[in-house]
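Novice: query-v3.pdb is reproduced below (PDB, C-alpha atoms, pLDDT in the B column).
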ATOM      1  CA  MET P   1       1.965 -42.757  33.607  1.00 43.00           C
ATOM      2  CA  PRO P   2      -1.868 -42.863  33.817  1.00 43.00           C
ATOM      3  CA  GLU P   3      -3.679 -43.125  30.534  1.00 48.00           C
ATOM      4  CA  ASN P   4      -5.540 -39.801  30.893  1.00 47.00           C
ATOM      5  CA  ILE P   5      -2.231 -37.981  31.394  1.00 41.00           C
ATOM      6  CA  ASP P   6      -0.841 -39.699  28.301  1.00 47.00           C
ATOM      7  CA  ILE P   7      -3.826 -38.496  26.325  1.00 45.00           C
ATOM      8  CA  ASP P   8      -3.436 -34.978  27.711  1.00 45.00           C
ATOM      9  CA  VAL P   9       0.234 -34.842  26.753  1.00 39.00           C
ATOM     10  CA  GLU P  10      -0.557 -36.218  23.322  1.00 46.00           C
ATOM     11  CA  ASN P  11      -3.247 -33.562  22.807  1.00 48.00           C
ATOM     12  CA  LYS P  12      -0.803 -30.854  23.831  1.00 40.00           C
ATOM     13  CA  ASP P  13       1.734 -32.203  21.371  1.00 46.00           C
ATOM     14  CA  VAL P  14      -0.860 -32.127  18.598  1.00 44.00           C
ATOM     15  CA  SER P  15      -1.883 -28.608  19.585  1.00 45.00           C
ATOM     16  CA  ALA P  16       1.722 -27.462  19.562  1.00 42.00           C
ATOM     17  CA  GLU P  17       2.244 -29.111  16.190  1.00 48.00           C
ATOM     18  CA  ASN P  18      -0.822 -27.353  14.777  1.00 49.00           C
ATOM     19  CA  THR P  19       0.434 -24.024  16.101  1.00 42.00           C
ATOM     20  CA  ASP P  20       3.833 -24.636  14.522  1.00 44.00           C
ATOM     21  CA  ILE P  21       2.169 -25.433  11.212  1.00 44.00           C
ATOM     22  CA  GLN P  22       0.071 -22.270  11.471  1.00 46.00           C
ATOM     23  CA  VAL P  23       3.123 -20.118  12.150  1.00 42.00           C
ATOM     24  CA  GLU P  24       5.062 -21.902   9.383  1.00 48.00           C
ATOM     25  CA  ASN P  25       2.232 -21.179   6.967  1.00 53.00           C
ATOM     26  CA  ALA P  26       2.272 -17.548   8.059  1.00 46.00           C
ATOM     27  CA  ASP P  27       6.007 -17.385   7.407  1.00 50.00           C
ATOM     28  CA  SER P  28       5.594 -18.848   3.922  1.00 52.00           C
ATOM     29  CA  GLU P  29       2.996 -16.199   3.087  1.00 54.00           C
ATOM     30  CA  LEU P  30       4.936 -13.313   4.672  1.00 50.00           C
ATOM     31  CA  ALA P  31       6.527 -12.175   1.416  1.00 54.00           C
ATOM     32  CA  ALA P  32       3.090 -11.807  -0.188  1.00 60.00           C
ATOM     33  CA  LEU P  33       1.834  -9.418   2.494  1.00 62.00           C
ATOM     34  CA  SER P  34       1.906  -5.641   2.351  1.00 65.00           C
ATOM     35  CA  PRO P  35       4.591  -3.852   4.424  1.00 66.00           C
ATOM     36  CA  TRP P  36       2.190  -2.923   7.216  1.00 62.00           C
ATOM     37  CA  GLU P  37       0.934  -6.503   7.452  1.00 63.00           C
ATOM     38  CA  GLN P  38       4.506  -7.769   7.689  1.00 65.00           C
ATOM     39  CA  ARG P  39       5.265  -5.293  10.475  1.00 60.00           C
ATOM     40  CA  MET P  40       2.237  -6.442  12.417  1.00 57.00           C
ATOM     41  CA  LEU P  41       3.352 -10.059  12.253  1.00 59.00           C
ATOM     42  CA  GLU P  42       6.865  -9.142  13.317  1.00 58.00           C
ATOM     43  CA  ARG P  43       5.650  -7.022  16.257  1.00 55.00           C
ATOM     44  CA  SER P  44       3.195  -9.605  17.526  1.00 53.00           C
ATOM     45  CA  LEU P  45       3.993 -11.604  20.659  1.00 47.00           C
ATOM     46  CA  ASP P  46       1.293 -14.209  19.920  1.00 47.00           C
ATOM     47  CA  SER P  47       2.277 -17.706  18.854  1.00 46.00           C
ATOM     48  CA  ALA P  48      -0.609 -17.732  16.375  1.00 47.00           C
ATOM     49  CA  ARG P  49       0.531 -14.650  14.488  1.00 47.00           C
ATOM     50  CA  VAL P  50      -2.236 -14.895  11.927  1.00 50.00           C
ATOM     51  CA  GLN P  51      -4.659 -13.842  14.669  1.00 56.00           C
ATOM     52  CA  ALA P  52      -2.522 -10.762  15.292  1.00 54.00           C
ATOM     53  CA  LEU P  53      -2.724  -9.863  11.604  1.00 57.00           C
ATOM     54  CA  ALA P  54      -6.518 -10.129  11.706  1.00 61.00           C
ATOM     55  CA  ARG P  55      -6.653  -7.851  14.754  1.00 70.00           C
ATOM     56  CA  SER P  56      -4.324  -5.286  13.198  1.00 80.00           C
ATOM     57  CA  GLY P  57      -6.482  -5.320  10.075  1.00 82.00           C
ATOM     58  CA  GLU P  58      -9.504  -4.465  12.218  1.00 88.00           C
ATOM     59  CA  PHE P  59      -7.726  -1.355  13.499  1.00 90.00           C
ATOM     60  CA  VAL P  60      -6.659  -0.306   9.992  1.00 89.00           C
ATOM     61  CA  HIS P  61     -10.150  -0.762   8.573  1.00 88.00           C
ATOM     62  CA  ALA P  62     -11.643   1.125  11.521  1.00 91.00           C
ATOM     63  CA  ALA P  63      -9.228   3.987  10.771  1.00 89.00           C
ATOM     64  CA  LEU P  64     -10.228   3.840   7.094  1.00 85.00           C
ATOM     65  CA  ALA P  65     -13.905   4.172   8.055  1.00 87.00           C
ATOM     66  CA  LEU P  66     -13.118   7.167  10.277  1.00 88.00           C
ATOM     67  CA  LEU P  67     -11.049   8.718   7.496  1.00 83.00           C
ATOM     68  CA  GLU P  68     -13.973   8.379   5.088  1.00 79.00           C
ATOM     69  CA  GLU P  69     -16.384   9.944   7.593  1.00 83.00           C
ATOM     70  CA  GLU P  70     -14.194  12.809   8.783  1.00 79.00           C
ATOM     71  CA  GLY P  71     -11.995  13.413   5.741  1.00 73.00           C
ATOM     72  CA  SER P  72      -8.885  13.648   7.903  1.00 77.00           C
ATOM     73  CA  VAL P  73      -6.732  11.686  10.334  1.00 80.00           C
ATOM     74  CA  ASP P  74      -7.613  13.951  13.248  1.00 85.00           C
ATOM     75  CA  PHE P  75      -9.232  10.994  14.990  1.00 90.00           C
ATOM     76  CA  THR P  76      -7.554   9.672  18.133  1.00 93.00           C
ATOM     77  CA  VAL P  77      -6.231   6.222  18.911  1.00 94.00           C
ATOM     78  CA  GLN P  78      -9.158   5.847  21.320  1.00 95.00           C
ATOM     79  CA  ASP P  79     -11.574   6.605  18.458  1.00 95.00           C
ATOM     80  CA  VAL P  80     -10.006   3.818  16.412  1.00 94.00           C
ATOM     81  CA  VAL P  81     -10.068   1.380  19.321  1.00 94.00           C
ATOM     82  CA  GLN P  82     -13.735   2.087  20.007  1.00 94.00           C
ATOM     83  CA  ARG P  83     -14.677   1.758  16.341  1.00 93.00           C
ATOM     84  CA  SER P  84     -12.814  -1.547  16.013  1.00 91.00           C
ATOM     85  CA  GLY P  85     -14.200  -3.037  19.221  1.00 91.00           C
ATOM     86  CA  GLY P  86     -10.651  -3.861  20.336  1.00 88.00           C
ATOM     87  CA  SER P  87      -8.633  -2.729  23.315  1.00 90.00           C
ATOM     88  CA  LEU P  88      -6.012  -0.030  23.851  1.00 92.00           C
ATOM     89  CA  ARG P  89      -3.603  -2.666  25.119  1.00 90.00           C
ATOM     90  CA  ARG P  90      -3.990  -4.729  21.955  1.00 88.00           C
ATOM     91  CA  PHE P  91      -3.527  -1.637  19.793  1.00 90.00           C
ATOM     92  CA  TYR P  92      -0.155  -0.827  21.333  1.00 90.00           C
ATOM     93  CA  GLN P  93       0.932  -4.432  21.039  1.00 86.00           C
ATOM     94  CA  LEU P  94       0.505  -4.106  17.283  1.00 85.00           C
ATOM     95  CA  PHE P  95       1.263  -0.431  16.552  1.00 88.00           C
ATOM     96  CA  SER P  96       4.022   1.625  18.106  1.00 87.00           C
ATOM     97  CA  SER P  97       2.056   4.875  17.737  1.00 88.00           C
ATOM     98  CA  LYS P  98      -0.722   6.608  15.833  1.00 89.00           C
ATOM     99  CA  ASP P  99       1.859   7.491  13.149  1.00 86.00           C
ATOM    100  CA  ASP P 100       2.450   3.764  12.690  1.00 88.00           C
ATOM    101  CA  LEU P 101      -1.285   3.268  12.144  1.00 89.00           C
ATOM    102  CA  VAL P 102      -1.435   6.214   9.704  1.00 86.00           C
ATOM    103  CA  LEU P 103       1.393   4.644   7.688  1.00 86.00           C
ATOM    104  CA  ALA P 104      -0.462   1.319   7.624  1.00 87.00           C
ATOM    105  CA  LEU P 105      -3.603   3.149   6.513  1.00 84.00           C
ATOM    106  CA  PHE P 106      -1.759   4.816   3.638  1.00 82.00           C
ATOM    107  CA  GLU P 107      -0.219   1.494   2.603  1.00 83.00           C
ATOM    108  CA  GLU P 108      -3.700  -0.034   2.539  1.00 81.00           C
ATOM    109  CA  LEU P 109      -4.889   2.737   0.212  1.00 78.00           C
ATOM    110  CA  ILE P 110      -1.892   2.155  -2.082  1.00 79.00           C
ATOM    111  CA  THR P 111      -2.643  -1.578  -2.086  1.00 79.00           C
ATOM    112  CA  GLN P 112      -6.199  -0.807  -3.227  1.00 75.00           C
ATOM    113  CA  LEU P 113      -4.794   1.462  -5.938  1.00 75.00           C
ATOM    114  CA  VAL P 114      -2.404  -1.176  -7.285  1.00 77.00           C
ATOM    115  CA  GLU P 115      -5.244  -3.712  -7.332  1.00 77.00           C
ATOM    116  CA  HIS P 116      -7.109  -1.379  -9.724  1.00 73.00           C
ATOM    117  CA  ILE P 117      -4.351  -1.629 -12.320  1.00 78.00           C
ATOM    118  CA  PRO P 118      -5.549  -3.935 -15.113  1.00 73.00           C
ATOM    119  CA  ALA P 119      -3.856  -7.289 -15.588  1.00 69.00           C
ATOM    120  CA  THR P 120      -3.061  -6.184 -19.146  1.00 65.00           C
ATOM    121  CA  VAL P 121      -0.243  -4.064 -17.723  1.00 71.00           C
ATOM    122  CA  GLN P 122       1.604  -7.334 -17.087  1.00 67.00           C
ATOM    123  CA  ALA P 123       0.773  -8.720 -20.522  1.00 69.00           C
ATOM    124  CA  GLY P 124       2.675  -8.521 -23.793  1.00 75.00           C
ATOM    125  CA  ALA P 125       1.522  -5.066 -24.949  1.00 86.00           C
ATOM    126  CA  PRO P 126       4.261  -2.573 -25.927  1.00 92.00           C
ATOM    127  CA  PRO P 127       5.942  -1.051 -22.855  1.00 93.00           C
ATOM    128  CA  LEU P 128       4.735   2.500 -23.505  1.00 93.00           C
ATOM    129  CA  VAL P 129       1.152   1.281 -23.907  1.00 91.00           C
ATOM    130  CA  ARG P 130       1.411  -0.599 -20.618  1.00 90.00           C
ATOM    131  CA  LEU P 131       2.925   2.418 -18.910  1.00 91.00           C
ATOM    132  CA  GLU P 132       0.133   4.698 -20.152  1.00 90.00           C
ATOM    133  CA  THR P 133      -2.430   2.211 -18.819  1.00 87.00           C
ATOM    134  CA  CYS P 134      -0.679   2.171 -15.469  1.00 84.00           C
ATOM    135  CA  VAL P 135      -0.555   5.963 -15.140  1.00 83.00           C
ATOM    136  CA  ARG P 136      -4.110   6.401 -16.437  1.00 83.00           C
ATOM    137  CA  THR P 137      -5.295   3.959 -13.765  1.00 80.00           C
ATOM    138  CA  LEU P 138      -3.685   6.131 -11.107  1.00 77.00           C
ATOM    139  CA  TRP P 139      -5.353   9.197 -12.640  1.00 76.00           C
ATOM    140  CA  ASP P 140      -8.760   7.534 -12.777  1.00 74.00           C
ATOM    141  CA  PHE P 141      -8.335   6.309  -9.211  1.00 70.00           C
ATOM    142  CA  ILE P 142      -7.909   9.922  -8.135  1.00 65.00           C
ATOM    143  CA  ARG P 143     -10.184  11.816 -10.544  1.00 59.00           C
ATOM    144  CA  GLY P 144     -12.230   9.273 -12.497  1.00 53.00           C
ATOM    145  CA  GLN P 145     -15.929   8.477 -12.245  1.00 53.00           C
ATOM    146  CA  ASP P 146     -15.235   5.301 -10.282  1.00 51.00           C
ATOM    147  CA  ALA P 147     -12.758   6.937  -7.896  1.00 52.00           C
ATOM    148  CA  PRO P 148     -13.131   6.362  -4.139  1.00 55.00           C
ATOM    149  CA  PRO P 149     -15.055   8.976  -2.135  1.00 56.00           C
ATOM    150  CA  ALA P 150     -13.554  12.443  -2.608  1.00 57.00           C
ATOM    151  CA  LYS P 151     -12.710  12.710   1.087  1.00 62.00           C
ATOM    152  CA  ILE P 152     -10.590   9.562   0.880  1.00 66.00           C
ATOM    153  CA  VAL P 153      -8.775  10.694  -2.246  1.00 64.00           C
ATOM    154  CA  ARG P 154      -8.041  14.173  -0.903  1.00 66.00           C
ATOM    155  CA  SER P 155      -6.870  12.643   2.332  1.00 70.00           C
ATOM    156  CA  MET P 156      -4.320  10.563   0.417  1.00 71.00           C
ATOM    157  CA  ALA P 157      -2.531  13.789  -0.523  1.00 71.00           C
ATOM    158  CA  THR P 158      -2.656  14.976   3.077  1.00 74.00           C
ATOM    159  CA  LEU P 159      -1.395  11.634   4.332  1.00 77.00           C
ATOM    160  CA  HIS P 160       1.357  11.625   1.722  1.00 78.00           C
ATOM    161  CA  ASN P 161       2.641  15.027   2.816  1.00 78.00           C
ATOM    162  CA  GLN P 162       2.362  14.146   6.503  1.00 79.00           C
ATOM    163  CA  LEU P 163       4.286  10.911   6.078  1.00 83.00           C
ATOM    164  CA  ALA P 164       6.899  12.612   3.906  1.00 83.00           C
ATOM    165  CA  ALA P 165       7.755  14.692   6.970  1.00 84.00           C
ATOM    166  CA  THR P 166       7.370  12.077   9.714  1.00 84.00           C
ATOM    167  CA  ARG P 167       8.010   8.680   8.080  1.00 85.00           C
ATOM    168  CA  PRO P 168       9.871   9.244   4.777  1.00 87.00           C
ATOM    169  CA  GLU P 169      11.330   5.737   4.629  1.00 88.00           C
ATOM    170  CA  GLY P 170       7.959   4.182   5.372  1.00 86.00           C
ATOM    171  CA  LEU P 171       6.370   6.344   2.681  1.00 84.00           C
ATOM    172  CA  ARG P 172       8.950   5.168   0.152  1.00 85.00           C
ATOM    173  CA  LEU P 173       8.209   1.541   1.015  1.00 84.00           C
ATOM    174  CA  ALA P 174       4.466   2.188   0.756  1.00 84.00           C
ATOM    175  CA  TRP P 175       4.872   3.315  -2.857  1.00 86.00           C
ATOM    176  CA  ASP P 176       7.286   0.485  -3.705  1.00 86.00           C
ATOM    177  CA  PRO P 177       4.736  -1.856  -5.381  1.00 83.00           C
ATOM    178  CA  LEU P 178       3.761   0.833  -7.896  1.00 85.00           C
ATOM    179  CA  ARG P 179       7.309   2.128  -8.285  1.00 87.00           C
ATOM    180  CA  GLN P 180       8.644  -1.373  -9.020  1.00 87.00           C
ATOM    181  CA  LEU P 181       5.887  -2.003 -11.544  1.00 86.00           C
ATOM    182  CA  ILE P 182       6.754   1.223 -13.383  1.00 90.00           C
ATOM    183  CA  SER P 183      10.476   0.467 -13.230  1.00 92.00           C
ATOM    184  CA  GLY P 184       9.941  -2.962 -14.799  1.00 91.00           C
ATOM    185  CA  ILE P 185       7.923  -1.509 -17.667  1.00 92.00           C
ATOM    186  CA  ILE P 186      10.529   1.177 -18.308  1.00 94.00           C
ATOM    187  CA  ALA P 187      13.270  -1.477 -18.313  1.00 95.00           C
ATOM    188  CA  ASP P 188      11.299  -3.373 -20.981  1.00 93.00           C
ATOM    189  CA  GLY P 189      11.065  -0.150 -22.984  1.00 95.00           C
ATOM    190  CA  VAL P 190      14.809   0.401 -22.793  1.00 96.00           C
ATOM    191  CA  ALA P 191      15.347  -3.176 -23.943  1.00 95.00           C
ATOM    192  CA  ASP P 192      13.155  -2.804 -27.052  1.00 94.00           C
ATOM    193  CA  GLY P 193      14.409   0.707 -27.863  1.00 95.00           C
ATOM    194  CA  SER P 194      11.137   2.576 -27.259  1.00 96.00           C
ATOM    195  CA  VAL P 195      12.502   4.256 -24.107  1.00 97.00           C
ATOM    196  CA  ARG P 196      15.701   6.272 -23.884  1.00 96.00           C
ATOM    197  CA  SER P 197      18.794   4.469 -22.635  1.00 95.00           C
ATOM    198  CA  ASP P 198      21.032   7.477 -21.905  1.00 95.00           C
ATOM    199  CA  ILE P 199      19.646   7.660 -18.355  1.00 95.00           C
ATOM    200  CA  GLU P 200      19.878   4.683 -15.988  1.00 95.00           C
ATOM    201  CA  VAL P 201      16.612   2.782 -15.623  1.00 94.00           C
ATOM    202  CA  GLU P 202      16.388   3.332 -11.875  1.00 93.00           C
ATOM    203  CA  GLN P 203      16.971   7.073 -12.174  1.00 94.00           C
ATOM    204  CA  LEU P 204      14.595   7.426 -15.112  1.00 95.00           C
ATOM    205  CA  SER P 205      11.930   5.436 -13.252  1.00 93.00           C
ATOM    206  CA  ASP P 206      12.291   7.619 -10.164  1.00 92.00           C
ATOM    207  CA  LEU P 207      12.030  10.800 -12.263  1.00 92.00           C
ATOM    208  CA  PHE P 208       8.972   9.524 -14.104  1.00 91.00           C
ATOM    209  CA  PHE P 209       7.323   8.342 -10.891  1.00 88.00           C
ATOM    210  CA  ASP P 210       7.980  11.590  -9.019  1.00 87.00           C
ATOM    211  CA  VAL P 211       6.745  13.823 -11.853  1.00 86.00           C
ATOM    212  CA  SER P 212       3.592  11.820 -12.526  1.00 83.00           C
ATOM    213  CA  LEU P 213       2.810  11.411  -8.811  1.00 79.00           C
ATOM    214  CA  ALA P 214       3.215  15.146  -8.187  1.00 78.00           C
ATOM    215  CA  ALA P 215       0.883  15.904 -11.099  1.00 77.00           C
ATOM    216  CA  HIS P 216      -1.725  13.528  -9.696  1.00 71.00           C
ATOM    217  CA  ILE P 217      -1.509  15.004  -6.199  1.00 69.00           C
ATOM    218  CA  PHE P 218      -1.859  18.575  -7.490  1.00 69.00           C
ATOM    219  CA  ALA P 219      -4.831  17.447  -9.592  1.00 62.00           C
ATOM    220  CA  LEU P 220      -6.772  16.665  -6.418  1.00 58.00           C
ATOM    221  CA  GLY P 221      -7.518  20.332  -5.844  1.00 52.00           C
ATOM    222  CA  ARG P 222      -8.422  21.207  -9.421  1.00 53.00           C
ATOM    223  CA  VAL P 223     -11.673  21.166 -11.341  1.00 45.00           C
ATOM    224  CA  GLY P 224     -12.418  20.899 -15.026  1.00 46.00           C
ATOM    225  CA  SER P 225     -11.678  18.423 -17.779  1.00 44.00           C
ATOM    226  CA  THR P 226      -9.651  15.669 -16.180  1.00 49.00           C
ATOM    227  CA  HIS P 227      -9.178  13.822 -19.478  1.00 49.00           C
ATOM    228  CA  THR P 228      -7.607  16.876 -21.112  1.00 50.00           C
ATOM    229  CA  ARG P 229      -5.227  17.284 -18.216  1.00 70.00           C
ATOM    230  CA  PHE P 230      -4.286  13.608 -18.312  1.00 76.00           C
ATOM    231  CA  ASP P 231      -3.563  13.781 -22.024  1.00 82.00           C
ATOM    232  CA  GLY P 232      -1.270  16.733 -21.395  1.00 83.00           C
ATOM    233  CA  LEU P 233       0.498  14.905 -18.570  1.00 82.00           C
ATOM    234  CA  TRP P 234       0.978  11.778 -20.635  1.00 88.00           C
ATOM    235  CA  GLY P 235       2.203  13.751 -23.652  1.00 89.00           C
ATOM    236  CA  PHE P 236       4.780  15.475 -21.466  1.00 89.00           C
ATOM    237  CA  CYS P 237       5.956  12.178 -19.917  1.00 89.00           C
ATOM    238  CA  LEU P 238       6.036  10.446 -23.297  1.00 92.00           C
ATOM    239  CA  GLY P 239       8.277  13.132 -24.724  1.00 92.00           C
ATOM    240  CA  ALA P 240      10.664  12.724 -21.798  1.00 92.00           C
ATOM    241  CA  LEU P 241      10.740   8.921 -22.098  1.00 94.00           C
ATOM    242  CA  ARG P 242      11.373   8.562 -25.797  1.00 94.00           C
ATOM    243  CA  PRO P 243      14.948   8.334 -27.064  1.00 94.00           C
ATOM    244  CA  PRO P 244      16.438  11.747 -27.907  1.00 89.00           C
ATOM    245  CA  PRO P 245      16.939  12.598 -31.595  1.00 85.00           C
ATOM    246  CA  ALA P 246      20.102  11.112 -33.075  1.00 74.00           C
TER
END
Hey, can you dump this file as structure tokens for me?

Specialist:
Amino acid sequence: MPENIDIDVENKDVSAENTDIQVENADSELAALSPWEQRMLERSLDSARVQALARSGEFVHAALALLEEEGSVDFTVQDVVQRSGGSLRRFYQLFSSKDDLVLALFEELITQLVEHIPATVQAGAPPLVRLETCVRTLWDFIRGQDAPPAKIVRSMATLHNQLAATRPEGLRLAWDPLRQLISGIIADGVADGSVRSDIEVEQLSDLFFDVSLAAHIFALGRVGSTHTRFDGLWGFCLGALRPPPA
């Protein structure tokens, strides 16, 4: 075999090996990705799936920019494609529909929310203190001085209701990071006796999550003292979490 062909084959082998390493690295990091990022990798037909993730992120961030400008998800797929600088063909390689993109957009907003939760929530503070910090962070994210633009926050409620009707399982998975965090804190509270144990942890966590989330969503359309309303919400939740009188 001529030497130049040997070199060409060797280069192809190296290239293939590098691609395998890239895909292997992507697989090892898969568990750390958000649900929408995982779906993009799984849907991609590219060998270098990391590139597909980058492209899908461009579509999601373009949709986020349109959401901030318009205050709704009334934009079209073509609007998103034009804003991202991508192609319609690439979009449908990564997303099955606009609903799929809307779900990814909501998951991205939830990811940003969870990132706002202080690291102290994971520290050794008493469970009820950690839980209050967690819920207050959600409240401040929606109504606080450092909250995202009002259009974005209000749109979260709209997106939530839309996805509850069209993609309920996807919506549940989108909230999973926050739900699991709350469930872990409540389990710690049951273990140290500060939280009631007559209701199963999973059921109690779901009840707490649903009540507090509903209160936050309804708060989007209200005006007035947000701190007073949070204190009332937390007092109500605290009374429900504490062990009943003997």

Novice: Which residues would end up in the selection if the PyMOL selection byres ((chain P and resi 98) around 12) were applied here, given that I need the answer as a PyMOL selection string?

Specialist: chain P and resi 59-60+63+73-81+88+91-92+94-97+99-105+163+166-167

Novice: Do you have the CA of His160 (chain P)-CA of Arg229 (chain P) distance handy?

Specialist: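 Computing it gives 21.7 Å between the two atoms.
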
Novice: Between P:Gly239, P:Gln180, P:Gln162, P:Ser87, which one has atoms that come closest to Cys134 (chain P), using all atoms listed in the file?

Specialist: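 So, comparing all the options, the nearest one is P:Gln180.
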
Novice: CA of Ala157 (chain P) and CA of Ile110 (chain P) are how many Å apart?

Specialist: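 Interatomic distance, CA of Ala157 (chain P) to CA of Ile110 (chain P): 11.8 Å.
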
Novice: For CA of Leu204 (chain P) and CA of Phe230 (chain P), quote the distance in Å rounded to one decimal.

Specialist: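 Rounded to one decimal, the two atoms are 20.1 Å apart.
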